Amino acid sequence: MSSDRTANLTLPADDQILITRDFDAPRRLVYRAWTTPELVKRWWCGERGTMDTVEMDFRVGGAWRYVMTADGGSEVAFHGEYREIVPEERIAWSEVFEGAPGMTAEEAERNAAVNTAVFTEKDGRTSLWMLTQVPDRAVRDAIIQSGMEVGMQEQMAALEELAASLTD
């Protein structure tokens with residue numbers, strides 16, 4: 001079972017991106033797909049390539065790193081640290097785009113995003129609220145202009161399809 005819904009992306013402040021999306025799957029299964037490395041590998045790259053690496057030390061203070069080979073052969077990598085985890089409810093983490101255009105590695109670290117995802121459930125369906133906080137409008141606009149929304153829509157559709165296929 002899948003939905004025809006798409007994620008809604010809004011810009012509540014000059015330094016924020018807000019994504020909201022509903023899923024036709026229970027929260028425990030959406031959360032499990034979000035937090036299990038073998039499952040993340042199946043949805044995170046959407047239709048943009050293949051996942052090469054999903055490393056997750058899923059605990060507060062633990063590090064994560066995702067690497068994909070995008071269609072066309074370029075490597076895209078992100079890493080960060082988990083800052084808050086409330087099982088099946090809330091996750092906060094930092095996110096650094098390795099190789100961000102026009103930035104040194106040190107600049108990319110200084111411009112890290114902090115994401116907070118909140119999962120709620122009603123009648124067996126999950127609502128996701130995800131806020132990305134960045135240092136300033138220039139970083140926010142660079143993220144938006146990167147085309148991230150198309151990839152994010154693919155990710156969310158793949159996440160829903162996967163979560164709906166899982167069983168307890």
# chains A, B, ... in the order shown; residues from 1 in each chain; ligands from 1
>>> residues_around(residues="Asp22 of chain A", least_positions_apart="2", cutoff="12 Å", atoms="only C-alpha atoms", output="PyMOL selection string")
chain A and resi 2-8+19-20+24-27+30+118-130+153+156-157+159-160
>>> write_last_selection(atoms="N, CA and C atoms", output="compact mmCIF listing (two decimals), in the first residue's frame")
# COMPACT_ATOMS: atom_id res chain seq x y z
N SER A 2 0.68 2.17 -0.88
CA SER A 2 1.43 3.41 -0.87
C SER A 2 0.47 4.56 -1.11
N SER A 3 0.96 5.76 -0.86
CA SER A 3 0.09 6.92 -1.00
C SER A 3 0.52 7.73 -2.21
N ASP A 4 -0.33 8.66 -2.59
CA ASP A 4 0.04 9.57 -3.66
C ASP A 4 0.49 10.91 -3.08
N ARG A 5 0.67 10.94 -1.77
CA ARG A 5 1.08 12.18 -1.11
C ARG A 5 2.53 12.50 -1.41
N THR A 6 2.83 13.75 -1.30
CA THR A 6 4.21 14.20 -1.40
C THR A 6 4.55 14.94 -0.12
N ALA A 7 5.83 15.12 0.09
CA ALA A 7 6.27 15.89 1.24
C ALA A 7 6.06 17.37 0.95
N ASN A 8 5.74 18.10 2.00
CA ASN A 8 5.62 19.55 1.89
C ASN A 8 6.88 20.18 2.44
N ILE A 19 10.13 20.11 6.55
CA ILE A 19 9.53 19.08 5.69
C ILE A 19 8.49 18.34 6.52
N THR A 20 7.30 18.19 5.95
CA THR A 20 6.27 17.39 6.59
C THR A 20 5.77 16.36 5.57
N ASP A 24 1.51 5.96 4.91
CA ASP A 24 0.55 4.89 5.13
C ASP A 24 1.26 3.69 5.75
N ALA A 25 1.77 3.90 6.96
CA ALA A 25 2.46 2.85 7.71
C ALA A 25 2.52 3.28 9.17
N PRO A 26 2.51 2.33 10.08
CA PRO A 26 2.59 2.67 11.50
C PRO A 26 3.95 3.30 11.85
N ARG A 27 3.94 4.13 12.87
CA ARG A 27 5.15 4.84 13.30
C ARG A 27 6.30 3.89 13.60
N VAL A 30 7.94 2.95 10.30
CA VAL A 30 8.64 4.08 9.67
C VAL A 30 9.93 4.35 10.44
N VAL A 118 10.44 14.42 14.03
CA VAL A 118 9.43 14.02 15.01
C VAL A 118 8.43 13.12 14.29
N PHE A 119 8.20 11.94 14.87
CA PHE A 119 7.29 10.94 14.31
C PHE A 119 6.06 10.85 15.21
N THR A 120 4.87 11.02 14.64
CA THR A 120 3.63 10.85 15.40
C THR A 120 2.74 9.87 14.64
N GLU A 121 1.80 9.27 15.37
CA GLU A 121 0.92 8.29 14.73
C GLU A 121 -0.54 8.56 15.10
N LYS A 122 -1.39 8.38 14.11
CA LYS A 122 -2.83 8.43 14.33
C LYS A 122 -3.47 7.41 13.40
N ASP A 123 -4.27 6.53 13.98
CA ASP A 123 -5.01 5.51 13.23
C ASP A 123 -4.09 4.68 12.33
N GLY A 124 -2.91 4.32 12.84
CA GLY A 124 -2.00 3.47 12.10
C GLY A 124 -1.21 4.15 11.00
N ARG A 125 -1.31 5.48 10.92
CA ARG A 125 -0.57 6.26 9.92
C ARG A 125 0.44 7.15 10.64
N THR A 126 1.53 7.41 10.00
CA THR A 126 2.61 8.20 10.59
C THR A 126 2.70 9.56 9.94
N SER A 127 2.88 10.57 10.78
CA SER A 127 3.20 11.91 10.30
C SER A 127 4.63 12.22 10.71
N LEU A 128 5.40 12.73 9.77
CA LEU A 128 6.79 13.13 10.00
C LEU A 128 6.86 14.65 9.91
N TRP A 129 7.51 15.25 10.88
CA TRP A 129 7.81 16.68 10.90
C TRP A 129 9.32 16.76 11.04
N MET A 130 10.02 17.33 10.06
CA MET A 130 11.48 17.39 10.10
C MET A 130 11.95 18.80 9.84
N GLN A 153 11.79 13.94 -2.21
CA GLN A 153 10.49 13.36 -2.54
C GLN A 153 10.64 11.88 -2.87
N MET A 156 11.31 9.90 0.41
CA MET A 156 10.12 9.73 1.23
C MET A 156 9.16 8.69 0.63
N ALA A 157 9.04 8.67 -0.69
CA ALA A 157 8.19 7.66 -1.34
C ALA A 157 8.77 6.27 -1.12
N LEU A 159 10.77 5.38 1.34
CA LEU A 159 10.64 5.08 2.76
C LEU A 159 9.26 4.57 3.08
N GLU A 160 8.23 5.22 2.52
CA GLU A 160 6.85 4.78 2.76
C GLU A 160 6.64 3.36 2.23
>>> select_by_dssp(residues="segment 29-108 of chain A", states="helix (DSSP H, G or I)", output="list of chain:residue names")
A:Leu29, A:Val30, A:Tyr31, A:Arg32, A:Ala33, A:Trp34, A:Thr35, A:Pro37, A:Glu38, A:Leu39, A:Val40, A:Lys41, A:Arg42, A:Trp43, A:Ala105, A:Glu106, A:Glu107, A:Ala108
>>> closest_residue(among="A:Ala158, A:Gln133, A:Arg59, A:Asp168", to="Leu39 of chain A", atoms="only C-alpha atoms")
A:Ala158
>>> select_by_dssp(residues="segment 14-114 of chain A", states="strand (DSSP E)", output="ChimeraX atom specification")
/A:16-23,49-56,63-70,75-86,90-98,113-114
>>> atom_distance(atom1="atom CA of Asp136 of chain A", atom2="atom CA of Gly80 of chain A")
18.7 Å
>>> residues_around(residues="Phe97 of chain A", least_positions_apart="4", cutoff="7 Å", atoms="only C-alpha atoms", output="JSON, numbers by chain")
{"A": [77, 78, 79, 108]}
>>> closest_residue(among="A:Val139, A:Met103, A:Val150, A:Ala117", to="Ile91 of chain A", atoms="only C-alpha atoms")
A:Ala117
>>> closest_residue(among="A:Val96, A:Leu29, A:Ala113, A:Met56", to="Val76 of chain A", atoms="only C-alpha atoms")
A:Val96
>>> closest_residue(among="A:Arg90, A:Arg65, A:Lys41, A:Arg137", to="Gln155 of chain A", atoms="only C-alpha atoms")
A:Lys41
>>> atom_distance(atom1="atom CA of Leu18 of chain A", atom2="atom CA of Asn115 of chain A")
9.6 Å
>>> decode(residues="segment 32-63 of chain A", atoms="N, CA and C atoms", output="short mmCIF file (atom, residue, chain, number, x, y, z; two decimals), in the first residue's frame")
data_model
loop_
_atom_site.label_atom_id
_atom_site.label_comp_id
_atom_site.auth_asym_id
_atom_site.auth_seq_id
_atom_site.Cartn_x
_atom_site.Cartn_y
_atom_site.Cartn_z
N ARG A 32 11.59 2.27 12.35
CA ARG A 32 12.52 1.16 12.15
C ARG A 32 13.25 1.30 10.82
N ALA A 33 12.53 1.65 9.75
CA ALA A 33 13.16 1.84 8.45
C ALA A 33 14.15 2.99 8.48
N TRP A 34 13.88 4.01 9.29
CA TRP A 34 14.72 5.19 9.40
C TRP A 34 16.00 4.91 10.18
N THR A 35 15.96 3.93 11.11
CA THR A 35 17.05 3.75 12.07
C THR A 35 17.80 2.43 11.95
N THR A 36 17.50 1.62 10.96
CA THR A 36 18.16 0.33 10.77
C THR A 36 19.03 0.39 9.52
N PRO A 37 20.36 0.26 9.67
CA PRO A 37 21.25 0.45 8.53
C PRO A 37 20.86 -0.34 7.27
N GLU A 38 20.51 -1.62 7.41
CA GLU A 38 20.17 -2.42 6.23
C GLU A 38 18.93 -1.87 5.52
N LEU A 39 18.03 -1.27 6.30
CA LEU A 39 16.82 -0.70 5.71
C LEU A 39 17.08 0.69 5.12
N VAL A 40 17.89 1.49 5.80
CA VAL A 40 18.26 2.81 5.26
C VAL A 40 18.87 2.65 3.88
N LYS A 41 19.67 1.63 3.71
CA LYS A 41 20.32 1.36 2.43
C LYS A 41 19.31 1.19 1.30
N ARG A 42 18.09 0.80 1.64
CA ARG A 42 17.07 0.50 0.62
C ARG A 42 16.23 1.71 0.22
N TRP A 43 16.29 2.82 1.00
CA TRP A 43 15.43 3.96 0.65
C TRP A 43 16.16 5.29 0.56
N TRP A 44 17.29 5.45 1.21
CA TRP A 44 17.87 6.77 1.38
C TRP A 44 18.27 7.47 0.08
N CYS A 45 18.72 6.73 -0.91
CA CYS A 45 19.16 7.39 -2.15
C CYS A 45 18.02 7.59 -3.14
N GLY A 46 16.80 7.21 -2.76
CA GLY A 46 15.68 7.39 -3.68
C GLY A 46 15.95 6.69 -5.00
N GLU A 47 15.82 7.42 -6.08
CA GLU A 47 16.08 6.87 -7.42
C GLU A 47 17.34 7.50 -8.01
N ARG A 48 18.23 7.97 -7.15
CA ARG A 48 19.39 8.76 -7.59
C ARG A 48 20.68 7.98 -7.70
N GLY A 49 20.69 6.70 -7.35
CA GLY A 49 21.93 5.94 -7.40
C GLY A 49 21.85 4.73 -6.49
N THR A 50 23.00 4.34 -5.96
CA THR A 50 23.07 3.19 -5.06
C THR A 50 23.82 3.56 -3.79
N MET A 51 23.39 2.97 -2.70
CA MET A 51 24.05 3.21 -1.42
C MET A 51 25.25 2.30 -1.29
N ASP A 52 26.39 2.89 -0.98
CA ASP A 52 27.62 2.14 -0.79
C ASP A 52 27.90 1.89 0.69
N THR A 53 27.60 2.89 1.51
CA THR A 53 27.92 2.82 2.93
C THR A 53 26.78 3.39 3.75
N VAL A 54 26.37 2.65 4.76
CA VAL A 54 25.47 3.16 5.79
C VAL A 54 26.06 2.73 7.12
N GLU A 55 26.72 3.67 7.79
CA GLU A 55 27.31 3.41 9.09
C GLU A 55 26.53 4.21 10.12
N MET A 56 26.03 3.54 11.14
CA MET A 56 25.21 4.20 12.16
C MET A 56 25.57 3.67 13.54
N ASP A 57 26.09 4.54 14.38
CA ASP A 57 26.25 4.24 15.80
C ASP A 57 25.08 4.95 16.47
N PHE A 58 23.92 4.31 16.42
CA PHE A 58 22.66 4.95 16.77
C PHE A 58 22.49 5.07 18.27
N ARG A 59 23.12 6.11 18.81
CA ARG A 59 23.01 6.48 20.23
C ARG A 59 23.40 7.95 20.31
N VAL A 60 22.96 8.63 21.36
CA VAL A 60 23.34 10.02 21.53
C VAL A 60 24.87 10.10 21.61
N GLY A 61 25.45 10.95 20.78
CA GLY A 61 26.91 11.07 20.69
C GLY A 61 27.52 10.15 19.65
N GLY A 62 26.73 9.23 19.12
CA GLY A 62 27.23 8.30 18.11
C GLY A 62 27.30 8.96 16.73
N ALA A 63 28.22 8.48 15.93
CA ALA A 63 28.42 9.03 14.59
C ALA A 63 27.65 8.23 13.56
#
